[in-house]
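Chemist: Just so it is clear, I am handing over coords_26.cif, which has mmCIF, N, CA and C atoms.
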```cif
data_upload
#
loop_
_atom_site.label_atom_id
_atom_site.label_comp_id
_atom_site.auth_asym_id
_atom_site.auth_seq_id
_atom_site.Cartn_x
_atom_site.Cartn_y
_atom_site.Cartn_z
N MET Z 1 0.84 -1.19 0.00
CA MET Z 1 0.00 0.00 0.00
C MET Z 1 0.88 1.24 0.00
N ASN Z 2 0.61 2.17 -0.90
CA ASN Z 2 1.40 3.38 -0.82
C ASN Z 2 0.75 4.37 0.12
N SER Z 3 1.51 5.37 0.53
CA SER Z 3 1.01 6.31 1.54
C SER Z 3 -0.19 7.10 1.05
N TYR Z 4 -0.25 7.38 -0.24
CA TYR Z 4 -1.38 8.16 -0.75
C TYR Z 4 -2.66 7.34 -0.71
N PHE Z 5 -2.56 6.04 -0.93
CA PHE Z 5 -3.71 5.15 -0.78
C PHE Z 5 -4.22 5.24 0.65
N VAL Z 6 -3.32 5.16 1.61
CA VAL Z 6 -3.69 5.24 3.02
C VAL Z 6 -4.33 6.59 3.34
N ILE Z 7 -3.72 7.65 2.85
CA ILE Z 7 -4.24 8.99 3.11
C ILE Z 7 -5.62 9.15 2.49
N ALA Z 8 -5.79 8.65 1.27
CA ALA Z 8 -7.09 8.76 0.62
C ALA Z 8 -8.16 8.05 1.45
N LEU Z 9 -7.82 6.88 1.95
CA LEU Z 9 -8.79 6.16 2.76
C LEU Z 9 -9.09 6.92 4.03
N SER Z 10 -8.08 7.50 4.61
CA SER Z 10 -8.32 8.30 5.81
C SER Z 10 -9.23 9.46 5.50
N ALA Z 11 -8.97 10.11 4.40
CA ALA Z 11 -9.78 11.26 4.01
C ALA Z 11 -11.23 10.90 3.82
N LEU Z 12 -11.46 9.69 3.37
CA LEU Z 12 -12.82 9.22 3.19
C LEU Z 12 -13.37 8.57 4.46
N LEU Z 13 -12.57 8.60 5.51
CA LEU Z 13 -12.94 7.95 6.77
C LEU Z 13 -13.13 6.46 6.56
N VAL Z 14 -12.35 5.91 5.62
CA VAL Z 14 -12.50 4.52 5.27
C VAL Z 14 -11.40 3.67 5.87
N ALA Z 15 -10.20 4.15 5.83
CA ALA Z 15 -9.07 3.33 6.27
C ALA Z 15 -9.32 2.78 7.66
N LEU Z 16 -10.04 3.56 8.42
CA LEU Z 16 -10.27 3.17 9.80
C LEU Z 16 -11.54 2.37 9.99
N ALA Z 17 -12.37 2.32 8.97
CA ALA Z 17 -13.65 1.65 9.13
C ALA Z 17 -13.76 0.38 8.30
N ALA Z 18 -12.91 0.23 7.32
CA ALA Z 18 -13.04 -0.91 6.42
C ALA Z 18 -12.26 -2.10 6.94
N GLY Z 19 -12.83 -3.26 6.76
CA GLY Z 19 -12.18 -4.46 7.23
C GLY Z 19 -11.19 -5.05 6.24
N SER Z 20 -11.40 -4.80 4.97
CA SER Z 20 -10.49 -5.34 3.98
C SER Z 20 -9.97 -4.21 3.12
N PRO Z 21 -8.83 -4.42 2.47
CA PRO Z 21 -8.28 -3.36 1.63
C PRO Z 21 -9.27 -2.96 0.55
N ILE Z 22 -9.34 -1.68 0.29
CA ILE Z 22 -10.24 -1.15 -0.72
C ILE Z 22 -9.38 -0.48 -1.76
N GLU Z 23 -9.55 -0.86 -3.00
CA GLU Z 23 -8.75 -0.27 -4.05
C GLU Z 23 -9.43 1.00 -4.56
N LEU Z 24 -8.65 2.05 -4.65
CA LEU Z 24 -9.13 3.29 -5.22
C LEU Z 24 -8.67 3.36 -6.67
N SER Z 25 -9.42 4.10 -7.46
CA SER Z 25 -9.04 4.27 -8.85
C SER Z 25 -7.78 5.14 -8.93
N ASP Z 26 -7.12 5.11 -10.06
CA ASP Z 26 -5.94 5.96 -10.25
C ASP Z 26 -6.30 7.43 -10.07
N GLU Z 27 -7.48 7.80 -10.54
CA GLU Z 27 -7.94 9.18 -10.40
C GLU Z 27 -8.10 9.55 -8.92
N GLN Z 28 -8.67 8.66 -8.13
CA GLN Z 28 -8.83 8.93 -6.70
C GLN Z 28 -7.47 9.03 -6.01
N LYS Z 29 -6.54 8.16 -6.39
CA LYS Z 29 -5.20 8.20 -5.81
C LYS Z 29 -4.50 9.51 -6.15
N THR Z 30 -4.64 9.94 -7.40
CA THR Z 30 -4.02 11.20 -7.84
C THR Z 30 -4.62 12.38 -7.08
N LEU Z 31 -5.92 12.37 -6.92
CA LEU Z 31 -6.59 13.44 -6.19
C LEU Z 31 -6.16 13.45 -4.73
N ALA Z 32 -6.04 12.29 -4.13
CA ALA Z 32 -5.60 12.19 -2.74
C ALA Z 32 -4.19 12.75 -2.59
N LYS Z 33 -3.33 12.43 -3.54
CA LYS Z 33 -1.95 12.94 -3.50
C LYS Z 33 -1.95 14.46 -3.59
N GLN Z 34 -2.77 15.00 -4.46
CA GLN Z 34 -2.86 16.46 -4.60
C GLN Z 34 -3.35 17.10 -3.30
N HIS Z 35 -4.41 16.53 -2.72
CA HIS Z 35 -4.93 17.05 -1.45
C HIS Z 35 -3.87 16.98 -0.36
N HIS Z 36 -3.16 15.85 -0.32
CA HIS Z 36 -2.11 15.70 0.69
C HIS Z 36 -1.06 16.80 0.54
N GLU Z 37 -0.59 16.99 -0.66
CA GLU Z 37 0.45 18.00 -0.90
C GLU Z 37 -0.05 19.41 -0.58
N GLN Z 38 -1.27 19.73 -1.00
CA GLN Z 38 -1.84 21.05 -0.74
C GLN Z 38 -2.01 21.30 0.75
N CYS Z 39 -2.56 20.33 1.45
CA CYS Z 39 -2.82 20.50 2.88
C CYS Z 39 -1.51 20.53 3.68
N ALA Z 40 -0.56 19.68 3.31
CA ALA Z 40 0.74 19.68 3.99
C ALA Z 40 1.39 21.05 3.87
N ALA Z 41 1.30 21.65 2.69
CA ALA Z 41 1.87 22.99 2.48
C ALA Z 41 1.08 24.05 3.24
N GLU Z 42 -0.25 23.95 3.19
CA GLU Z 42 -1.11 24.94 3.87
C GLU Z 42 -0.85 25.01 5.37
N VAL Z 43 -0.75 23.86 6.00
CA VAL Z 43 -0.57 23.85 7.46
C VAL Z 43 0.90 23.80 7.87
N LYS Z 44 1.76 23.73 6.85
CA LYS Z 44 3.21 23.70 7.08
C LYS Z 44 3.62 22.52 7.96
N LEU Z 45 3.23 21.31 7.52
CA LEU Z 45 3.64 20.10 8.24
C LEU Z 45 5.16 20.01 8.23
N THR Z 46 5.72 19.69 9.37
CA THR Z 46 7.16 19.43 9.42
C THR Z 46 7.43 18.06 8.79
N GLU Z 47 8.69 17.76 8.53
CA GLU Z 47 9.02 16.44 7.98
C GLU Z 47 8.59 15.34 8.95
N GLU Z 48 8.78 15.58 10.24
CA GLU Z 48 8.38 14.59 11.26
C GLU Z 48 6.87 14.38 11.25
N GLU Z 49 6.11 15.47 11.17
CA GLU Z 49 4.65 15.37 11.15
C GLU Z 49 4.18 14.66 9.87
N SER Z 50 4.79 14.98 8.76
CA SER Z 50 4.44 14.35 7.50
C SER Z 50 4.71 12.85 7.56
N ALA Z 51 5.82 12.48 8.16
CA ALA Z 51 6.16 11.06 8.31
C ALA Z 51 5.12 10.36 9.19
N LYS Z 52 4.65 11.03 10.25
CA LYS Z 52 3.63 10.43 11.12
C LYS Z 52 2.33 10.21 10.35
N VAL Z 53 1.94 11.19 9.54
CA VAL Z 53 0.71 11.06 8.75
C VAL Z 53 0.84 9.90 7.78
N LYS Z 54 1.96 9.83 7.08
CA LYS Z 54 2.16 8.75 6.10
C LYS Z 54 2.20 7.38 6.77
N ALA Z 55 2.65 7.34 8.03
CA ALA Z 55 2.73 6.07 8.77
C ALA Z 55 1.41 5.75 9.49
N LYS Z 56 0.39 6.56 9.28
CA LYS Z 56 -0.91 6.40 9.94
C LYS Z 56 -0.78 6.48 11.46
N ASP Z 57 0.17 7.27 11.94
CA ASP Z 57 0.39 7.44 13.38
C ASP Z 57 -0.34 8.70 13.82
N PHE Z 58 -1.56 8.51 14.31
CA PHE Z 58 -2.38 9.65 14.72
C PHE Z 58 -2.52 9.72 16.24
N LYS Z 59 -1.64 9.02 16.96
CA LYS Z 59 -1.65 9.10 18.42
C LYS Z 59 -1.01 10.42 18.82
N ASN Z 60 -1.62 11.10 19.75
CA ASN Z 60 -1.11 12.40 20.23
C ASN Z 60 -0.76 13.33 19.08
N PRO Z 61 -1.73 13.65 18.22
CA PRO Z 61 -1.43 14.49 17.06
C PRO Z 61 -1.09 15.93 17.46
N THR Z 62 -0.17 16.51 16.73
CA THR Z 62 0.14 17.93 16.92
C THR Z 62 -1.01 18.75 16.37
N GLU Z 63 -1.02 20.03 16.68
CA GLU Z 63 -2.05 20.92 16.13
C GLU Z 63 -1.96 20.91 14.60
N ASN Z 64 -0.74 20.87 14.06
CA ASN Z 64 -0.57 20.82 12.60
C ASN Z 64 -1.22 19.58 12.01
N ILE Z 65 -1.03 18.43 12.65
CA ILE Z 65 -1.63 17.20 12.13
C ILE Z 65 -3.15 17.28 12.21
N LYS Z 66 -3.67 17.83 13.29
CA LYS Z 66 -5.12 18.01 13.41
C LYS Z 66 -5.63 18.90 12.28
N CYS Z 67 -4.90 20.00 12.02
CA CYS Z 67 -5.33 20.93 10.97
C CYS Z 67 -5.15 20.33 9.58
N PHE Z 68 -4.15 19.47 9.42
CA PHE Z 68 -3.99 18.74 8.17
C PHE Z 68 -5.23 17.87 7.94
N ALA Z 69 -5.68 17.16 8.97
CA ALA Z 69 -6.87 16.31 8.86
C ALA Z 69 -8.07 17.15 8.46
N ASN Z 70 -8.25 18.30 9.10
CA ASN Z 70 -9.38 19.17 8.77
C ASN Z 70 -9.30 19.62 7.32
N CYS Z 71 -8.13 20.05 6.89
CA CYS Z 71 -7.94 20.50 5.51
C CYS Z 71 -8.29 19.39 4.54
N PHE Z 72 -7.76 18.21 4.80
CA PHE Z 72 -7.98 17.07 3.90
C PHE Z 72 -9.45 16.71 3.85
N PHE Z 73 -10.10 16.61 5.00
CA PHE Z 73 -11.52 16.26 5.05
C PHE Z 73 -12.37 17.31 4.35
N GLU Z 74 -11.98 18.59 4.47
CA GLU Z 74 -12.72 19.64 3.78
C GLU Z 74 -12.55 19.51 2.27
N LYS Z 75 -11.35 19.18 1.82
CA LYS Z 75 -11.11 19.06 0.38
C LYS Z 75 -11.91 17.91 -0.23
N VAL Z 76 -12.09 16.82 0.50
CA VAL Z 76 -12.89 15.71 -0.04
C VAL Z 76 -14.38 15.88 0.25
N GLY Z 77 -14.73 16.89 1.04
CA GLY Z 77 -16.13 17.20 1.26
C GLY Z 77 -16.78 16.57 2.47
N THR Z 78 -16.02 15.82 3.28
CA THR Z 78 -16.63 15.17 4.43
C THR Z 78 -16.79 16.11 5.62
N LEU Z 79 -16.07 17.22 5.61
CA LEU Z 79 -16.22 18.27 6.62
C LEU Z 79 -16.36 19.61 5.92
N LYS Z 80 -17.13 20.49 6.52
CA LYS Z 80 -17.26 21.86 6.01
C LYS Z 80 -17.42 22.77 7.22
N ASP Z 81 -16.47 23.67 7.39
CA ASP Z 81 -16.48 24.59 8.53
C ASP Z 81 -16.65 23.86 9.85
N GLY Z 82 -15.97 22.74 9.98
CA GLY Z 82 -16.01 21.97 11.22
C GLY Z 82 -17.25 21.12 11.42
N GLU Z 83 -18.10 21.06 10.40
CA GLU Z 83 -19.34 20.29 10.49
C GLU Z 83 -19.24 19.06 9.59
N LEU Z 84 -19.57 17.90 10.14
CA LEU Z 84 -19.58 16.66 9.39
C LEU Z 84 -20.66 16.74 8.32
N GLN Z 85 -20.30 16.41 7.10
CA GLN Z 85 -21.25 16.42 5.98
C GLN Z 85 -21.75 14.99 5.78
N GLU Z 86 -22.79 14.66 6.51
CA GLU Z 86 -23.26 13.28 6.58
C GLU Z 86 -23.63 12.71 5.21
N SER Z 87 -24.27 13.50 4.37
CA SER Z 87 -24.67 12.97 3.06
C SER Z 87 -23.45 12.61 2.22
N VAL Z 88 -22.38 13.40 2.34
CA VAL Z 88 -21.16 13.12 1.59
C VAL Z 88 -20.49 11.87 2.15
N VAL Z 89 -20.43 11.78 3.48
CA VAL Z 89 -19.84 10.59 4.11
C VAL Z 89 -20.62 9.35 3.69
N LEU Z 90 -21.93 9.43 3.74
CA LEU Z 90 -22.77 8.28 3.39
C LEU Z 90 -22.55 7.88 1.93
N GLU Z 91 -22.47 8.86 1.05
CA GLU Z 91 -22.26 8.58 -0.37
C GLU Z 91 -20.89 7.95 -0.61
N LYS Z 92 -19.84 8.57 -0.08
CA LYS Z 92 -18.47 8.10 -0.36
C LYS Z 92 -18.13 6.84 0.41
N LEU Z 93 -18.43 6.83 1.68
CA LEU Z 93 -18.08 5.69 2.51
C LEU Z 93 -19.05 4.53 2.31
N GLY Z 94 -20.32 4.86 2.14
CA GLY Z 94 -21.33 3.82 1.96
C GLY Z 94 -21.06 2.95 0.76
N GLY Z 95 -20.57 3.56 -0.31
CA GLY Z 95 -20.25 2.79 -1.51
C GLY Z 95 -19.06 1.87 -1.33
N LEU Z 96 -18.25 2.15 -0.32
CA LEU Z 96 -17.05 1.35 -0.10
C LEU Z 96 -17.21 0.29 0.97
N ILE Z 97 -17.89 0.62 2.06
CA ILE Z 97 -18.00 -0.35 3.16
C ILE Z 97 -19.44 -0.78 3.44
N GLY Z 98 -20.37 -0.17 2.72
CA GLY Z 98 -21.77 -0.52 2.92
C GLY Z 98 -22.52 0.54 3.70
N GLU Z 99 -23.75 0.71 3.32
CA GLU Z 99 -24.58 1.75 3.91
C GLU Z 99 -24.83 1.55 5.40
N GLU Z 100 -25.11 0.30 5.80
CA GLU Z 100 -25.43 0.05 7.21
C GLU Z 100 -24.25 0.34 8.14
N LYS Z 101 -23.07 -0.10 7.73
CA LYS Z 101 -21.87 0.15 8.55
C LYS Z 101 -21.58 1.65 8.62
N THR Z 102 -21.78 2.33 7.50
CA THR Z 102 -21.57 3.78 7.46
C THR Z 102 -22.57 4.49 8.37
N LYS Z 103 -23.82 4.08 8.32
CA LYS Z 103 -24.84 4.69 9.19
C LYS Z 103 -24.51 4.47 10.66
N ALA Z 104 -24.00 3.29 11.01
CA ALA Z 104 -23.63 3.01 12.39
C ALA Z 104 -22.49 3.92 12.83
N ALA Z 105 -21.52 4.12 11.95
CA ALA Z 105 -20.40 5.02 12.26
C ALA Z 105 -20.89 6.45 12.43
N LEU Z 106 -21.76 6.88 11.53
CA LEU Z 106 -22.31 8.24 11.64
C LEU Z 106 -23.11 8.41 12.92
N GLU Z 107 -23.89 7.40 13.29
CA GLU Z 107 -24.70 7.48 14.51
C GLU Z 107 -23.81 7.74 15.72
N LYS Z 108 -22.68 7.04 15.77
CA LYS Z 108 -21.78 7.19 16.91
C LYS Z 108 -21.00 8.51 16.86
N CYS Z 109 -20.60 8.93 15.66
CA CYS Z 109 -19.64 10.03 15.54
C CYS Z 109 -20.24 11.40 15.24
N ARG Z 110 -21.49 11.46 14.82
CA ARG Z 110 -22.05 12.71 14.30
C ARG Z 110 -22.04 13.88 15.28
N THR Z 111 -22.12 13.64 16.57
CA THR Z 111 -22.22 14.75 17.52
C THR Z 111 -20.88 15.19 18.10
N ILE Z 112 -19.80 14.60 17.64
CA ILE Z 112 -18.48 14.92 18.18
C ILE Z 112 -18.06 16.32 17.77
N LYS Z 113 -17.61 17.06 18.75
CA LYS Z 113 -17.10 18.42 18.52
C LYS Z 113 -15.83 18.58 19.33
N GLY Z 114 -14.86 19.27 18.73
CA GLY Z 114 -13.63 19.58 19.43
C GLY Z 114 -13.60 21.03 19.83
N ASP Z 115 -12.43 21.48 20.28
CA ASP Z 115 -12.26 22.88 20.70
C ASP Z 115 -12.27 23.83 19.51
N ASN Z 116 -11.93 23.31 18.32
CA ASN Z 116 -11.92 24.11 17.10
C ASN Z 116 -12.08 23.15 15.92
N LYS Z 117 -12.05 23.69 14.69
CA LYS Z 117 -12.25 22.83 13.52
C LYS Z 117 -11.20 21.72 13.43
N CYS Z 118 -9.96 22.07 13.74
CA CYS Z 118 -8.88 21.09 13.64
C CYS Z 118 -9.05 19.98 14.67
N ASP Z 119 -9.41 20.38 15.89
CA ASP Z 119 -9.62 19.39 16.96
C ASP Z 119 -10.83 18.50 16.62
N THR Z 120 -11.87 19.10 16.06
CA THR Z 120 -13.04 18.32 15.65
C THR Z 120 -12.65 17.27 14.61
N ALA Z 121 -11.85 17.66 13.62
CA ALA Z 121 -11.41 16.72 12.59
C ALA Z 121 -10.65 15.55 13.21
N ALA Z 122 -9.75 15.86 14.14
CA ALA Z 122 -8.97 14.81 14.80
C ALA Z 122 -9.87 13.89 15.61
N LYS Z 123 -10.83 14.44 16.33
CA LYS Z 123 -11.73 13.63 17.15
C LYS Z 123 -12.64 12.76 16.28
N LEU Z 124 -13.09 13.31 15.16
CA LEU Z 124 -13.90 12.50 14.24
C LEU Z 124 -13.08 11.36 13.67
N HIS Z 125 -11.86 11.66 13.32
CA HIS Z 125 -10.95 10.62 12.81
C HIS Z 125 -10.82 9.51 13.84
N GLU Z 126 -10.63 9.88 15.09
CA GLU Z 126 -10.50 8.91 16.18
C GLU Z 126 -11.78 8.09 16.34
N CYS Z 127 -12.92 8.75 16.24
CA CYS Z 127 -14.20 8.05 16.38
C CYS Z 127 -14.36 7.01 15.28
N PHE Z 128 -14.11 7.42 14.05
CA PHE Z 128 -14.25 6.48 12.95
C PHE Z 128 -13.22 5.36 13.06
N GLU Z 129 -12.08 5.64 13.66
CA GLU Z 129 -11.06 4.61 13.87
C GLU Z 129 -11.61 3.48 14.74
N SER Z 130 -12.51 3.81 15.64
CA SER Z 130 -13.08 2.80 16.52
C SER Z 130 -13.90 1.76 15.75
N PHE Z 131 -14.21 2.03 14.49
CA PHE Z 131 -14.95 1.08 13.66
C PHE Z 131 -14.02 0.14 12.91
N LYS Z 132 -12.72 0.31 13.09
CA LYS Z 132 -11.76 -0.57 12.44
C LYS Z 132 -11.82 -1.93 13.11
N PRO Z 133 -12.01 -2.98 12.35
CA PRO Z 133 -12.07 -4.31 12.95
C PRO Z 133 -10.71 -4.70 13.55
N ALA Z 134 -10.76 -5.55 14.54
CA ALA Z 134 -9.52 -6.04 15.15
C ALA Z 134 -8.77 -6.86 14.10
N PRO Z 135 -7.45 -6.74 14.09
CA PRO Z 135 -6.69 -7.53 13.11
C PRO Z 135 -6.91 -9.03 13.36
N GLU Z 136 -6.96 -9.77 12.28
CA GLU Z 136 -7.17 -11.22 12.40
C GLU Z 136 -5.89 -11.86 12.93
N ALA Z 137 -6.08 -12.81 13.80
CA ALA Z 137 -4.91 -13.53 14.37
C ALA Z 137 -4.32 -14.42 13.28
N LYS Z 138 -3.01 -14.45 13.24
CA LYS Z 138 -2.32 -15.29 12.26
C LYS Z 138 -2.07 -16.66 12.90
N ALA Z 139 -2.33 -17.69 12.14
CA ALA Z 139 -2.16 -19.06 12.65
C ALA Z 139 -0.72 -19.49 12.58
#
```
Can you give me the file's structure in the form of structure tokens?

Modeler:
Amino acid sequence: MNSYFVIALSALLVALAAGSPIELSDEQKTLAKQHHEQCAAEVKLTEEESAKVKAKDFKNPTENIKCFANCFFEKVGTLKDGELQESVVLEKLGGLIGEEKTKAALEKCRTIKGDNKCDTAAKLHECFESFKPAPEAKA
């Protein structure tokens, strides 16, 4: 998996909710890469912060990483001015993981608010992460 695939899934709130790998089209991957580059520049991610994002390390995110998440989610349409865009999430995520699972995630996460737009984005990301299935045990 390349980092842009991972970032695209995160932006769609999918990487954390899907149980199996989901392939994005080349167009979606290209768009995700563009959003990543634009948002990284906008919030001035440091090399260390950028490496954490690419490694899917969202534990104890810096303010920059939180704002990167907000920027990215706004670019894909899942957030607007700190507000979750449920119809967009349902359309984009529902097509990938199923409508029922998406509705369950929205039910749990829709009322989450942070101290600001960036904090809200990070908290929503964390909430959707809770829908990630436990890794299967290897025999």

Chemist: Quick one: of Z:Ala32, Z:Ala51, Z:Val43, Z:Ala69, who's nearest to Lys117 of chain Z, counting all atoms listed in the file?

Modeler: Z:Ala69

Chemist: From the list Z:His125, Z:Lys92, Z:Arg110, Z:Lys103, which residue is nearest Gln28 of chain Z when using only C-alpha atoms?

Modeler: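 Once distances to Gln28 of chain Z are computed over only C-alpha atoms, the minimum belongs to Z:Lys92.
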
Chemist: Considering only helix (DSSP H, G or I) as DSSP defines it on the backbone, what residues of segment 55-117 of chain Z qualify? List them as a ChimeraX atom specification.

Modeler: /Z:63-76,86-97,99-109,117

Chemist: Going by the chain IDs and residue numbers used in this file, which residues fall under the PyMOL selection byres (((chain Z and resi 77-84 and name CA) around 9) and name CA)? Write them as JSON, numbers by chain.

Modeler: {"Z": [11, 12, 13, 70, 71, 72, 73, 74, 75, 76, 85, 86, 87, 88, 89, 92, 110, 111, 113, 114, 116, 117, 118, 119, 120, 121, 124]}

Chemist: Using only C-alpha atoms for the distances, tell me which of Z:Ala122, Z:Ile65, Z:Leu93, Z:Cys127 is nearest to Ala41 of chain Z.

Modeler: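 Counting only C-alpha atoms, the residue closest to Ala41 of chain Z is Z:Ile65.
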
Chemist: Go through the shown structure with the PyMOL selection byres (((chain Z and resi 36 and name CA) around 10) and name CA) and write out the matching residues as a PyMOL selection string.

Modeler: chain Z and resi 3-4+7-8+11+30-35+37-42+50+53-54+68-69+71-72+75

Chemist: Using Å and a single decimal, report how far atom CA of Glu49 of chain Z sits from atom C of Thr62 of chain Z.

Modeler: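 Between atom C of Thr62 of chain Z and atom CA of Glu49 of chain Z the gap is 8.4 Å.
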
Chemist: Rounded to one decimal in Å, what is the spacing between atom N of Glu100 of chain Z and atom CA of Ser25 of chain Z?

Modeler: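 It comes out at 22.1 Å.
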
Chemist: In Å, rounded to a single decimal, give me how far atom CA of Ser130 of chain Z is from atom C of Glu47 of chain Z.

Modeler: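 Interatomic distance, atom C of Glu47 of chain Z to atom CA of Ser130 of chain Z: 26.2 Å.
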